[in-house]
file upload_13.pdb (PDB, C-alpha atoms, pLDDT in the B column)
ATOM      1  CA  MET A  13       0.000   0.000   0.000  1.00 41.00           C
ATOM      2  CA  SER A  14       1.307   3.435  -0.890  1.00 40.00           C
ATOM      3  CA  VAL A  15       1.777   5.802   2.018  1.00 38.00           C
ATOM      4  CA  PRO A  16       0.062   9.170   1.425  1.00 41.00           C
ATOM      5  CA  LEU A  17       2.606  11.934   0.983  1.00 44.00           C
ATOM      6  CA  PRO A  18       2.222  15.054   3.124  1.00 42.00           C
ATOM      7  CA  PHE A  19       0.424  18.087   1.755  1.00 44.00           C
ATOM      8  CA  SER A  20       0.076  21.556   3.173  1.00 43.00           C
ATOM      9  CA  ARG A  21      -3.533  21.510   4.454  1.00 40.00           C
ATOM     10  CA  TYR A  22      -5.904  24.375   4.208  1.00 38.00           C
ATOM     11  CA  ARG A  23      -8.979  24.813   6.371  1.00 38.00           C
ATOM     12  CA  GLY A  24     -12.173  24.272   4.501  1.00 40.00           C
ATOM     13  CA  ARG A  25     -15.746  23.386   5.474  1.00 37.00           C
ATOM     14  CA  ARG A  26     -17.218  20.063   4.587  1.00 37.00           C
ATOM     15  CA  SER A  27     -20.949  20.170   4.153  1.00 38.00           C
ATOM     16  CA  LEU A  28     -23.564  17.473   3.947  1.00 32.00           C
ATOM     17  CA  ALA A  29     -24.899  19.142   0.831  1.00 36.00           C
ATOM     18  CA  VAL A  30     -21.549  18.809  -0.929  1.00 35.00           C
ATOM     19  CA  LEU A  31     -21.234  15.148   0.025  1.00 34.00           C
ATOM     20  CA  ALA A  32     -24.750  14.450  -1.159  1.00 33.00           C
ATOM     21  CA  VAL A  33     -23.985  16.092  -4.489  1.00 34.00           C
ATOM     22  CA  ILE A  34     -20.870  13.960  -4.892  1.00 35.00           C
ATOM     23  CA  LEU A  35     -22.680  10.709  -4.165  1.00 31.00           C
ATOM     24  CA  ALA A  36     -25.583  11.577  -6.465  1.00 32.00           C
ATOM     25  CA  ALA A  37     -23.351  12.203  -9.491  1.00 36.00           C
ATOM     26  CA  THR A  38     -23.584   9.879 -12.450  1.00 29.00           C
ATOM     27  CA  THR A  39     -23.157  11.612 -15.812  1.00 31.00           C
ATOM     28  CA  VAL A  40     -21.264  14.432 -17.478  1.00 32.00           C
ATOM     29  CA  GLY A  41     -23.156  17.709 -17.629  1.00 33.00           C
ATOM     30  CA  SER A  42     -25.508  16.795 -14.785  1.00 33.00           C
ATOM     31  CA  CYS A  43     -22.795  15.333 -12.583  1.00 38.00           C
ATOM     32  CA  ALA A  44     -21.655  16.643  -9.244  1.00 47.00           C
ATOM     33  CA  ARG A  45     -18.227  15.069  -9.276  1.00 58.00           C
ATOM     34  CA  PRO A  46     -15.232  16.013 -11.425  1.00 60.00           C
ATOM     35  CA  THR A  47     -15.613  14.023 -14.622  1.00 48.00           C
ATOM     36  CA  ALA A  48     -14.177  13.810 -18.115  1.00 50.00           C
ATOM     37  CA  VAL A  49     -15.719  11.117 -20.273  1.00 43.00           C
ATOM     38  CA  SER A  50     -14.118  10.048 -23.549  1.00 40.00           C
ATOM     39  CA  SER A  51     -15.814   7.650 -25.953  1.00 39.00           C
ATOM     40  CA  ARG A  52     -12.982   7.621 -28.465  1.00 40.00           C
ATOM     41  CA  PRO A  53     -10.145   5.098 -28.436  1.00 40.00           C
ATOM     42  CA  PRO A  54      -6.799   6.189 -26.961  1.00 40.00           C
ATOM     43  CA  VAL A  55      -4.502   8.130 -29.283  1.00 41.00           C
ATOM     44  CA  SER A  56      -0.754   7.676 -29.102  1.00 45.00           C
ATOM     45  CA  VAL A  57       1.196  10.780 -28.125  1.00 57.00           C
ATOM     46  CA  PRO A  58       4.949  11.178 -27.661  1.00 65.00           C
ATOM     47  CA  PRO A  59       5.839  10.409 -24.023  1.00 76.00           C
ATOM     48  CA  VAL A  60       6.875  13.352 -21.878  1.00 88.00           C
ATOM     49  CA  VAL A  61       8.624  12.903 -18.556  1.00 94.00           C
ATOM     50  CA  ALA A  62       8.168  15.847 -16.214  1.00 96.00           C
ATOM     51  CA  PRO A  63      10.702  17.045 -13.631  1.00 96.00           C
ATOM     52  CA  ASP A  64      10.313  15.624 -10.125  1.00 97.00           C
ATOM     53  CA  SER A  65       8.502  18.825  -9.191  1.00 97.00           C
ATOM     54  CA  PHE A  66       7.755  22.107 -10.914  1.00 97.00           C
ATOM     55  CA  VAL A  67       5.728  25.271 -10.416  1.00 98.00           C
ATOM     56  CA  VAL A  68       3.099  26.436 -12.905  1.00 98.00           C
ATOM     57  CA  ALA A  69       1.814  30.015 -12.933  1.00 98.00           C
ATOM     58  CA  PHE A  70      -1.799  30.616 -13.956  1.00 98.00           C
ATOM     59  CA  GLU A  71      -2.492  34.198 -14.992  1.00 98.00           C
ATOM     60  CA  THR A  72      -6.276  34.493 -14.986  1.00 98.00           C
ATOM     61  CA  SER A  73      -8.924  37.155 -15.459  1.00 98.00           C
ATOM     62  CA  ALA A  74      -9.244  37.172 -11.658  1.00 98.00           C
ATOM     63  CA  GLY A  75      -5.517  37.350 -10.887  1.00 98.00           C
ATOM     64  CA  ARG A  76      -2.566  34.967 -10.633  1.00 98.00           C
ATOM     65  CA  PHE A  77      -2.157  31.780  -8.662  1.00 98.00           C
ATOM     66  CA  ASP A  78       0.669  29.225  -8.714  1.00 98.00           C
ATOM     67  CA  VAL A  79       0.481  25.441  -8.522  1.00 98.00           C
ATOM     68  CA  ILE A  80       3.284  23.080  -7.540  1.00 98.00           C
ATOM     69  CA  ALA A  81       3.102  19.639  -9.146  1.00 98.00           C
ATOM     70  CA  ARG A  82       4.972  16.680  -7.660  1.00 98.00           C
ATOM     71  CA  ARG A  83       5.665  13.642  -9.801  1.00 98.00           C
ATOM     72  CA  ALA A  84       5.902  11.346  -6.759  1.00 98.00           C
ATOM     73  CA  LEU A  85       2.181  11.904  -6.149  1.00 98.00           C
ATOM     74  CA  ALA A  86       0.879  10.799  -9.555  1.00 98.00           C
ATOM     75  CA  PRO A  87       3.605  10.383 -12.191  1.00 98.00           C
ATOM     76  CA  ILE A  88       1.343   9.707 -15.176  1.00 97.00           C
ATOM     77  CA  GLY A  89      -0.944  12.615 -14.392  1.00 98.00           C
ATOM     78  CA  VAL A  90       1.938  14.992 -13.684  1.00 98.00           C
ATOM     79  CA  ASP A  91       3.620  14.075 -16.974  1.00 98.00           C
ATOM     80  CA  ARG A  92       0.387  14.915 -18.836  1.00 98.00           C
ATOM     81  CA  PHE A  93      -0.049  18.171 -16.916  1.00 98.00           C
ATOM     82  CA  TYR A  94       3.526  19.187 -17.721  1.00 98.00           C
ATOM     83  CA  ALA A  95       3.034  18.487 -21.430  1.00 97.00           C
ATOM     84  CA  LEU A  96      -0.228  20.443 -21.574  1.00 97.00           C
ATOM     85  CA  VAL A  97       1.234  23.505 -19.855  1.00 97.00           C
ATOM     86  CA  ARG A  98       4.412  23.371 -21.937  1.00 96.00           C
ATOM     87  CA  ASP A  99       2.346  23.361 -25.143  1.00 95.00           C
ATOM     88  CA  GLY A 100       0.094  26.256 -24.085  1.00 96.00           C
ATOM     89  CA  PHE A 101      -2.998  24.048 -24.005  1.00 97.00           C
ATOM     90  CA  PHE A 102      -4.756  25.938 -21.204  1.00 98.00           C
ATOM     91  CA  ASP A 103      -4.219  29.439 -22.602  1.00 98.00           C
ATOM     92  CA  GLY A 104      -7.590  31.104 -23.171  1.00 97.00           C
ATOM     93  CA  ALA A 105      -9.605  28.284 -21.559  1.00 98.00           C
ATOM     94  CA  ARG A 106     -12.430  29.122 -19.168  1.00 98.00           C
ATOM     95  CA  PHE A 107     -13.090  27.842 -15.664  1.00 98.00           C
ATOM     96  CA  PHE A 108     -16.315  26.347 -16.966  1.00 98.00           C
ATOM     97  CA  ARG A 109     -17.528  24.653 -13.782  1.00 97.00           C
ATOM     98  CA  VAL A 110     -17.300  26.516 -10.481  1.00 98.00           C
ATOM     99  CA  VAL A 111     -19.255  25.005  -7.608  1.00 97.00           C
ATOM    100  CA  PRO A 112     -18.661  27.042  -4.422  1.00 96.00           C
ATOM    101  CA  GLY A 113     -17.672  24.837  -1.512  1.00 97.00           C
ATOM    102  CA  PHE A 114     -16.737  21.979  -3.830  1.00 98.00           C
ATOM    103  CA  VAL A 115     -14.503  22.366  -6.927  1.00 98.00           C
ATOM    104  CA  VAL A 116     -13.342  24.603  -9.769  1.00 98.00           C
ATOM    105  CA  GLN A 117     -12.975  22.695 -13.047  1.00 98.00           C
ATOM    106  CA  PHE A 118     -11.173  23.598 -16.279  1.00 98.00           C
ATOM    107  CA  GLY A 119      -9.321  21.982 -19.167  1.00 98.00           C
ATOM    108  CA  ILE A 120     -11.585  22.183 -22.231  1.00 98.00           C
ATOM    109  CA  PRO A 121      -9.674  24.445 -24.651  1.00 97.00           C
ATOM    110  CA  ALA A 122     -11.037  27.604 -26.234  1.00 96.00           C
ATOM    111  CA  ASP A 123     -10.468  26.156 -29.716  1.00 96.00           C
ATOM    112  CA  SER A 124     -12.973  23.410 -30.580  1.00 95.00           C
ATOM    113  CA  ALA A 125     -10.546  21.826 -33.062  1.00 95.00           C
ATOM    114  CA  VAL A 126      -7.972  21.407 -30.293  1.00 95.00           C
ATOM    115  CA  ALA A 127     -10.643  19.912 -28.036  1.00 94.00           C
ATOM    116  CA  ALA A 128     -11.546  17.355 -30.706  1.00 93.00           C
ATOM    117  CA  ALA A 129      -7.906  16.398 -31.246  1.00 93.00           C
ATOM    118  CA  TRP A 130      -7.297  15.778 -27.538  1.00 92.00           C
ATOM    119  CA  ARG A 131     -10.527  14.159 -26.457  1.00 84.00           C
ATOM    120  CA  GLY A 132      -9.417  10.590 -27.125  1.00 88.00           C
ATOM    121  CA  ARG A 133      -5.924  10.966 -25.665  1.00 94.00           C
ATOM    122  CA  ARG A 134      -6.566   9.107 -22.443  1.00 96.00           C
ATOM    123  CA  ILE A 135      -3.936   8.204 -19.886  1.00 96.00           C
ATOM    124  CA  PRO A 136      -3.819   5.278 -17.409  1.00 96.00           C
ATOM    125  CA  ASP A 137      -4.867   5.802 -13.815  1.00 96.00           C
ATOM    126  CA  ASP A 138      -2.491   6.656 -10.993  1.00 97.00           C
ATOM    127  CA  SER A 139      -3.064   5.422  -7.464  1.00 96.00           C
ATOM    128  CA  VAL A 140      -4.282   7.925  -4.866  1.00 97.00           C
ATOM    129  CA  ARG A 141      -1.336   8.850  -2.653  1.00 97.00           C
ATOM    130  CA  ALA A 142      -2.658  12.084  -1.127  1.00 97.00           C
ATOM    131  CA  SER A 143      -6.075  13.277  -0.051  1.00 98.00           C
ATOM    132  CA  ASN A 144      -8.288  15.724  -1.924  1.00 98.00           C
ATOM    133  CA  VAL A 145      -7.975  18.492   0.635  1.00 98.00           C
ATOM    134  CA  ARG A 146      -8.647  22.147  -0.031  1.00 98.00           C
ATOM    135  CA  GLY A 147      -6.187  23.585  -2.545  1.00 98.00           C
ATOM    136  CA  THR A 148      -5.153  20.309  -4.178  1.00 98.00           C
ATOM    137  CA  ILE A 149      -5.476  19.817  -7.929  1.00 98.00           C
ATOM    138  CA  ALA A 150      -6.378  16.570  -9.705  1.00 98.00           C
ATOM    139  CA  PHE A 151      -7.491  15.292 -13.098  1.00 98.00           C
ATOM    140  CA  ALA A 152     -11.193  14.768 -13.708  1.00 97.00           C
ATOM    141  CA  ARG A 153     -12.361  11.441 -15.075  1.00 93.00           C
ATOM    142  CA  GLY A 154     -15.550   9.572 -15.947  1.00 90.00           C
ATOM    143  CA  GLY A 155     -14.403   6.026 -15.164  1.00 91.00           C
ATOM    144  CA  PRO A 156     -11.245   3.905 -15.254  1.00 93.00           C
ATOM    145  CA  GLU A 157      -8.512   5.237 -17.548  1.00 94.00           C
ATOM    146  CA  THR A 158     -10.525   8.176 -18.893  1.00 94.00           C
ATOM    147  CA  ARG A 159      -8.316  11.065 -17.782  1.00 96.00           C
ATOM    148  CA  THR A 160      -7.484  13.415 -20.646  1.00 96.00           C
ATOM    149  CA  THR A 161      -7.110  17.187 -20.141  1.00 97.00           C
ATOM    150  CA  GLN A 162      -9.636  18.319 -17.546  1.00 98.00           C
ATOM    151  CA  LEU A 163      -8.546  19.176 -14.010  1.00 98.00           C
ATOM    152  CA  PHE A 164     -10.204  20.494 -10.881  1.00 98.00           C
ATOM    153  CA  ILE A 165      -9.071  22.383  -7.807  1.00 98.00           C
ATOM    154  CA  ASN A 166     -10.677  21.436  -4.501  1.00 98.00           C
ATOM    155  CA  LEU A 167     -12.361  24.409  -2.833  1.00 98.00           C
ATOM    156  CA  ALA A 168     -12.891  22.406   0.362  1.00 98.00           C
ATOM    157  CA  ASP A 169     -11.713  19.142   1.903  1.00 98.00           C
ATOM    158  CA  ASN A 170     -13.361  16.465  -0.283  1.00 98.00           C
ATOM    159  CA  PRO A 171     -12.221  13.112   1.178  1.00 97.00           C
ATOM    160  CA  LYS A 172     -14.983  11.244  -0.654  1.00 97.00           C
ATOM    161  CA  LEU A 173     -13.055  11.894  -3.869  1.00 97.00           C
ATOM    162  CA  ASP A 174     -10.133   9.811  -2.587  1.00 97.00           C
ATOM    163  CA  THR A 175     -12.078   6.574  -3.002  1.00 94.00           C
ATOM    164  CA  LEU A 176     -15.085   7.441  -5.171  1.00 89.00           C
ATOM    165  CA  ALA A 177     -15.940   4.516  -7.498  1.00 79.00           C
ATOM    166  CA  THR A 178     -13.048   2.610  -5.810  1.00 84.00           C
ATOM    167  CA  ILE A 179     -10.431   4.392  -7.938  1.00 89.00           C
ATOM    168  CA  GLY A 180     -10.625   7.935  -6.625  1.00 95.00           C
ATOM    169  CA  PHE A 181      -9.081  11.109  -7.981  1.00 97.00           C
ATOM    170  CA  PRO A 182      -5.313  11.296  -7.305  1.00 98.00           C
ATOM    171  CA  PRO A 183      -4.066  14.835  -6.615  1.00 98.00           C
ATOM    172  CA  ILE A 184      -1.034  15.877  -8.661  1.00 98.00           C
ATOM    173  CA  GLY A 185      -0.147  18.992  -6.693  1.00 98.00           C
ATOM    174  CA  GLU A 186      -1.528  21.971  -4.805  1.00 98.00           C
ATOM    175  CA  VAL A 187      -2.094  25.702  -5.031  1.00 98.00           C
ATOM    176  CA  LEU A 188       0.683  27.668  -3.355  1.00 98.00           C
ATOM    177  CA  GLY A 189       0.580  30.432  -0.766  1.00 95.00           C
ATOM    178  CA  ASN A 190      -2.316  32.849  -1.030  1.00 97.00           C
ATOM    179  CA  GLY A 191      -3.294  31.554  -4.450  1.00 98.00           C
ATOM    180  CA  MET A 192      -6.540  30.145  -3.096  1.00 98.00           C
ATOM    181  CA  LEU A 193      -7.761  33.710  -2.590  1.00 98.00           C
ATOM    182  CA  VAL A 194      -7.749  34.015  -6.384  1.00 98.00           C
ATOM    183  CA  VAL A 195      -9.248  30.566  -6.915  1.00 98.00           C
ATOM    184  CA  ASP A 196     -12.028  31.339  -4.423  1.00 98.00           C
ATOM    185  CA  SER A 197     -12.844  34.529  -6.330  1.00 98.00           C
ATOM    186  CA  LEU A 198     -13.465  32.788  -9.686  1.00 98.00           C
ATOM    187  CA  TYR A 199     -17.017  33.407 -10.831  1.00 98.00           C
ATOM    188  CA  GLY A 200     -19.351  30.668  -9.603  1.00 97.00           C
ATOM    189  CA  GLY A 201     -22.763  32.178 -10.242  1.00 97.00           C
ATOM    190  CA  TYR A 202     -23.713  29.662 -12.932  1.00 97.00           C
ATOM    191  CA  GLY A 203     -22.853  26.576 -10.874  1.00 96.00           C
ATOM    192  CA  GLU A 204     -23.430  23.127 -12.335  1.00 96.00           C
ATOM    193  CA  ALA A 205     -24.547  22.479 -15.885  1.00 93.00           C
ATOM    194  CA  ALA A 206     -28.273  22.328 -16.573  1.00 88.00           C
ATOM    195  CA  PRO A 207     -30.536  20.901 -15.273  1.00 90.00           C
ATOM    196  CA  ARG A 208     -28.752  20.908 -11.903  1.00 91.00           C
ATOM    197  CA  GLY A 209     -27.635  24.499 -12.389  1.00 94.00           C
ATOM    198  CA  LEU A 210     -27.256  27.259 -14.955  1.00 96.00           C
ATOM    199  CA  GLY A 211     -23.764  26.358 -16.170  1.00 97.00           C
ATOM    200  CA  PRO A 212     -22.541  25.357 -19.635  1.00 97.00           C
ATOM    201  CA  GLN A 213     -22.748  21.888 -21.145  1.00 97.00           C
ATOM    202  CA  GLN A 214     -19.349  20.258 -21.704  1.00 96.00           C
ATOM    203  CA  ASP A 215     -20.319  18.859 -25.101  1.00 96.00           C
ATOM    204  CA  SER A 216     -21.291  22.341 -26.283  1.00 97.00           C
ATOM    205  CA  ILE A 217     -17.950  23.747 -25.104  1.00 97.00           C
ATOM    206  CA  ARG A 218     -16.094  21.043 -27.015  1.00 96.00           C
ATOM    207  CA  LEU A 219     -18.094  21.561 -30.200  1.00 97.00           C
ATOM    208  CA  GLN A 220     -18.304  25.361 -30.217  1.00 97.00           C
ATOM    209  CA  GLY A 221     -15.410  26.509 -28.040  1.00 96.00           C
ATOM    210  CA  GLU A 222     -15.003  30.057 -26.786  1.00 97.00           C
ATOM    211  CA  PRO A 223     -17.785  31.598 -28.968  1.00 97.00           C
ATOM    212  CA  TYR A 224     -20.355  29.504 -27.091  1.00 98.00           C
ATOM    213  CA  LEU A 225     -19.047  30.518 -23.661  1.00 98.00           C
ATOM    214  CA  ALA A 226     -18.604  34.184 -24.577  1.00 97.00           C
ATOM    215  CA  ARG A 227     -22.169  34.322 -25.873  1.00 97.00           C
ATOM    216  CA  GLU A 228     -23.980  32.319 -23.188  1.00 97.00           C
ATOM    217  CA  PHE A 229     -21.713  32.514 -20.106  1.00 98.00           C
ATOM    218  CA  PRO A 230     -19.704  35.739 -20.394  1.00 98.00           C
ATOM    219  CA  LEU A 231     -19.026  36.047 -16.664  1.00 98.00           C
ATOM    220  CA  LEU A 232     -16.929  32.874 -16.448  1.00 98.00           C
ATOM    221  CA  ASP A 233     -13.302  33.640 -15.655  1.00 98.00           C
ATOM    222  CA  ARG A 234     -10.583  32.451 -18.007  1.00 98.00           C
ATOM    223  CA  ILE A 235      -6.937  31.435 -18.008  1.00 98.00           C
ATOM    224  CA  VAL A 236      -5.062  34.156 -19.846  1.00 98.00           C
ATOM    225  CA  ARG A 237      -1.855  32.153 -19.837  1.00 98.00           C
ATOM    226  CA  ALA A 238      -0.292  29.231 -17.968  1.00 98.00           C
ATOM    227  CA  TRP A 239       3.446  28.627 -17.961  1.00 98.00           C
ATOM    228  CA  ILE A 240       6.142  26.707 -16.136  1.00 97.00           C
ATOM    229  CA  VAL A 241       7.890  29.031 -13.699  1.00 94.00           C
ATOM    230  CA  LYS A 242      10.620  26.666 -12.541  1.00 75.00           C
ATOM    231  CA  PRO A 243      11.363  22.945 -12.177  1.00 69.00           C
TER     232      PRO A 243
END

call {"tool": "encode", "arguments": {"input": "upload_13.pdb", "output": "structure tokens"}}
result
Amino acid sequence: MSVPLPFSRYRGRRSLAVLAVILAATTVGSCARPTAVSSRPPVSVPPVVAPDSFVVAFETSAGRFDVIARRALAPIGVDRFYALVRDGFFDGARFFRVVPGFVVQFGIPADSAVAAAWRGRRIPDDSVRASNVRGTIAFARGGPETRTTQLFINLADNPKLDTLATIGFPPIGEVLGNGMLVVDSLYGGYGEAAPRGLGPQQDSIRLQGEPYLAREFPLLDRIVRAWIVKP
């Protein structure tokens, strides 16, 4: 059994409502857990091995926050994260799902052609070696070996996500310093996708990209640029 690695812990409130939402989740769009479902077969991509740890800066419409990723926590996920940031994948993408007291989710690109090219590029699962506490970041998934490009940041301690559907969501790193002040300020007025909330549908984001979000959900914050600060 892997021993969980230590994380800096932030204080966050668990609520029965949040736990109920997690347990009730089943499908993308109406789900209340971080998910990223891919129906396409895996696509081969050149392997990228990330440094043991590195810091990524996210300049957003709400301000900047930094994330430190640690390969010892989830090597496959961290390698994918490193490759996406290095290639500018997140630049211009919106934080399309913001559920106060639960998670902030992002990782569907602004360009629909890029979204289509990446949707089938799944990666194998990592084991969960750290808990989903407030401030940690992890890949979303919709079942075994379905992680692609979507990630979420925990806005509260979400221990149910450590073992949900027996696999769980392995954190790859955490937000540094006062960065959670920025993350907490990301616009969450739309909430979940319809019918659970007023938020955008993931399939529509993939098919239409930024024009859809700018037209229907203009208040959503975006990533202006993400880059690797230092290994």

call {"tool": "resolve_selection", "arguments": {"input": "upload_13.pdb", "expression": "the PyMOL selection byres ((chain A and resi 187-199) around 10)", "output": "PDB file with C-alpha atoms, in the frame of the given file"}}
result
ATOM      1  CA  SER A  20       0.076  21.556   3.173  1.00 43.00           C
ATOM      2  CA  TYR A  22      -5.904  24.375   4.208  1.00 38.00           C
ATOM      3  CA  VAL A  67       5.728  25.271 -10.416  1.00 98.00           C
ATOM      4  CA  VAL A  68       3.099  26.436 -12.905  1.00 98.00           C
ATOM      5  CA  ALA A  69       1.814  30.015 -12.933  1.00 98.00           C
ATOM      6  CA  PHE A  70      -1.799  30.616 -13.956  1.00 98.00           C
ATOM      7  CA  THR A  72      -6.276  34.493 -14.986  1.00 98.00           C
ATOM      8  CA  SER A  73      -8.924  37.155 -15.459  1.00 98.00           C
ATOM      9  CA  ALA A  74      -9.244  37.172 -11.658  1.00 98.00           C
ATOM     10  CA  GLY A  75      -5.517  37.350 -10.887  1.00 98.00           C
ATOM     11  CA  ARG A  76      -2.566  34.967 -10.633  1.00 98.00           C
ATOM     12  CA  PHE A  77      -2.157  31.780  -8.662  1.00 98.00           C
ATOM     13  CA  ASP A  78       0.669  29.225  -8.714  1.00 98.00           C
ATOM     14  CA  VAL A  79       0.481  25.441  -8.522  1.00 98.00           C
ATOM     15  CA  ILE A  80       3.284  23.080  -7.540  1.00 98.00           C
ATOM     16  CA  ALA A  81       3.102  19.639  -9.146  1.00 98.00           C
ATOM     17  CA  PHE A 107     -13.090  27.842 -15.664  1.00 98.00           C
ATOM     18  CA  PHE A 108     -16.315  26.347 -16.966  1.00 98.00           C
ATOM     19  CA  ARG A 109     -17.528  24.653 -13.782  1.00 97.00           C
ATOM     20  CA  VAL A 110     -17.300  26.516 -10.481  1.00 98.00           C
ATOM     21  CA  VAL A 111     -19.255  25.005  -7.608  1.00 97.00           C
ATOM     22  CA  PRO A 112     -18.661  27.042  -4.422  1.00 96.00           C
ATOM     23  CA  GLY A 113     -17.672  24.837  -1.512  1.00 97.00           C
ATOM     24  CA  VAL A 115     -14.503  22.366  -6.927  1.00 98.00           C
ATOM     25  CA  VAL A 116     -13.342  24.603  -9.769  1.00 98.00           C
ATOM     26  CA  ARG A 146      -8.647  22.147  -0.031  1.00 98.00           C
ATOM     27  CA  GLY A 147      -6.187  23.585  -2.545  1.00 98.00           C
ATOM     28  CA  THR A 148      -5.153  20.309  -4.178  1.00 98.00           C
ATOM     29  CA  ILE A 149      -5.476  19.817  -7.929  1.00 98.00           C
ATOM     30  CA  ILE A 165      -9.071  22.383  -7.807  1.00 98.00           C
ATOM     31  CA  ASN A 166     -10.677  21.436  -4.501  1.00 98.00           C
ATOM     32  CA  LEU A 167     -12.361  24.409  -2.833  1.00 98.00           C
ATOM     33  CA  GLY A 185      -0.147  18.992  -6.693  1.00 98.00           C
ATOM     34  CA  GLU A 186      -1.528  21.971  -4.805  1.00 98.00           C
ATOM     35  CA  GLY A 200     -19.351  30.668  -9.603  1.00 97.00           C
ATOM     36  CA  GLY A 201     -22.763  32.178 -10.242  1.00 97.00           C
ATOM     37  CA  TYR A 202     -23.713  29.662 -12.932  1.00 97.00           C
ATOM     38  CA  GLY A 203     -22.853  26.576 -10.874  1.00 96.00           C
ATOM     39  CA  LEU A 231     -19.026  36.047 -16.664  1.00 98.00           C
ATOM     40  CA  LEU A 232     -16.929  32.874 -16.448  1.00 98.00           C
ATOM     41  CA  ASP A 233     -13.302  33.640 -15.655  1.00 98.00           C
ATOM     42  CA  ARG A 234     -10.583  32.451 -18.007  1.00 98.00           C
TER      43      ARG A 234
END

call {"tool": "resolve_selection", "arguments": {"input": "upload_13.pdb", "expression": "the PyMOL selection byres ((chain A and resi 90-100) around 7)", "output": "list in words"}}
result
Val60, Val61, Ala62, Ala81, Arg82, Arg83, Ala86, Pro87, Ile88, Gly89, Phe101, Phe102, Asp103, Ile184, Ala238, Trp239 and Ile240 of chain A

call {"tool": "residues_around", "arguments": {"input": "upload_13.pdb", "residues": "Ile135 of chain A", "least_positions_apart": "4", "cutoff": "7 Å", "atoms": "all atoms listed in the file", "output": "list in words"}}
result
Glu157, Thr158, Arg159 and Thr160 of chain A

call {"tool": "write_last_selection", "arguments": {"input": "upload_13.pdb", "atoms": "C-alpha atoms", "output": "PDB file, in the frame of the given file"}}
result
ATOM      1  CA  GLU A 157      -8.512   5.237 -17.548  1.00 94.00           C
ATOM      2  CA  THR A 158     -10.525   8.176 -18.893  1.00 94.00           C
ATOM      3  CA  ARG A 159      -8.316  11.065 -17.782  1.00 96.00           C
ATOM      4  CA  THR A 160      -7.484  13.415 -20.646  1.00 96.00           C
TER       5      THR A 160
END

call {"tool": "atom_distance", "arguments": {"input": "upload_13.pdb", "atom1": "atom CA of Arg237 of chain A", "atom2": "atom CA of Leu173 of chain A"}}
result
28.1 Å

call {"tool": "atom_distance", "arguments": {"input": "upload_13.pdb", "atom1": "atom CA of Gly132 of chain A", "atom2": "atom CA of Gly154 of chain A"}}
result
12.8 Å

call {"tool": "resolve_selection", "arguments": {"input": "upload_13.pdb", "expression": "the PyMOL selection byres ((chain A and resi 222) around 10)", "output": "ChimeraX atom specification"}}
result
/A:104-106,120-124,216-221,223-230

call {"tool": "axis_aligned_box", "arguments": {"input": "upload_13.pdb", "around": "segment 168-185 of chain A", "padding_each_side": "8 Å", "output": "lines of an AutoDock Vina configuration file"}}
result
center_x = -8.0
center_y = 12.5
center_z = -3.4
size_x = 31.8
size_y = 35.8
size_z = 26.6

call {"tool": "atom_distance", "arguments": {"input": "upload_13.pdb", "atom1": "atom CA of Asp137 of chain A", "atom2": "atom CA of Pro156 of chain A"}}
result
6.8 Å

call {"tool": "decode", "arguments": {"input": "upload_13.pdb", "residues": "segment 142-150 of chain A", "atoms": "N, CA, C and O atoms", "output": "mmCIF file, in the first residue's frame"}}
result
data_model
loop_
_atom_site.group_PDB
_atom_site.id
_atom_site.type_symbol
_atom_site.label_atom_id
_atom_site.label_comp_id
_atom_site.auth_asym_id
_atom_site.auth_seq_id
_atom_site.Cartn_x
_atom_site.Cartn_y
_atom_site.Cartn_z
ATOM 1 N N ALA A 142 -2.411 10.922 -1.987
ATOM 2 C CA ALA A 142 -2.658 12.084 -1.127
ATOM 3 C C ALA A 142 -4.142 12.380 -1.163
ATOM 4 O O ALA A 142 -4.835 12.017 -2.117
ATOM 5 N N SER A 143 -4.642 13.016 -0.142
ATOM 6 C CA SER A 143 -6.075 13.277 -0.051
ATOM 7 C C SER A 143 -6.478 14.539 -0.816
ATOM 8 O O SER A 143 -5.673 15.458 -1.013
ATOM 9 N N ASN A 144 -7.731 14.558 -1.239
ATOM 10 C CA ASN A 144 -8.288 15.724 -1.924
ATOM 11 C C ASN A 144 -8.701 16.780 -0.894
ATOM 12 O O ASN A 144 -9.892 16.998 -0.622
ATOM 13 N N VAL A 145 -7.708 17.419 -0.321
ATOM 14 C CA VAL A 145 -7.975 18.492 0.635
ATOM 15 C C VAL A 145 -8.048 19.819 -0.109
ATOM 16 O O VAL A 145 -7.695 19.919 -1.291
ATOM 17 N N ARG A 146 -8.522 20.818 0.558
ATOM 18 C CA ARG A 146 -8.647 22.147 -0.031
ATOM 19 C C ARG A 146 -7.318 22.595 -0.640
ATOM 20 O O ARG A 146 -6.271 22.506 -0.004
ATOM 21 N N GLY A 147 -7.375 23.069 -1.870
ATOM 22 C CA GLY A 147 -6.187 23.585 -2.545
ATOM 23 C C GLY A 147 -5.479 22.585 -3.425
ATOM 24 O O GLY A 147 -4.619 22.970 -4.215
ATOM 25 N N THR A 148 -5.812 21.291 -3.321
ATOM 26 C CA THR A 148 -5.153 20.309 -4.178
ATOM 27 C C THR A 148 -5.795 20.301 -5.560
ATOM 28 O O THR A 148 -6.949 20.678 -5.739
ATOM 29 N N ILE A 149 -5.026 19.849 -6.540
ATOM 30 C CA ILE A 149 -5.476 19.817 -7.929
ATOM 31 C C ILE A 149 -5.360 18.387 -8.448
ATOM 32 O O ILE A 149 -4.389 17.687 -8.141
ATOM 33 N N ALA A 150 -6.348 17.943 -9.201
ATOM 34 C CA ALA A 150 -6.378 16.570 -9.705
ATOM 35 C C ALA A 150 -7.063 16.544 -11.067
ATOM 36 O O ALA A 150 -7.803 17.467 -11.430
#
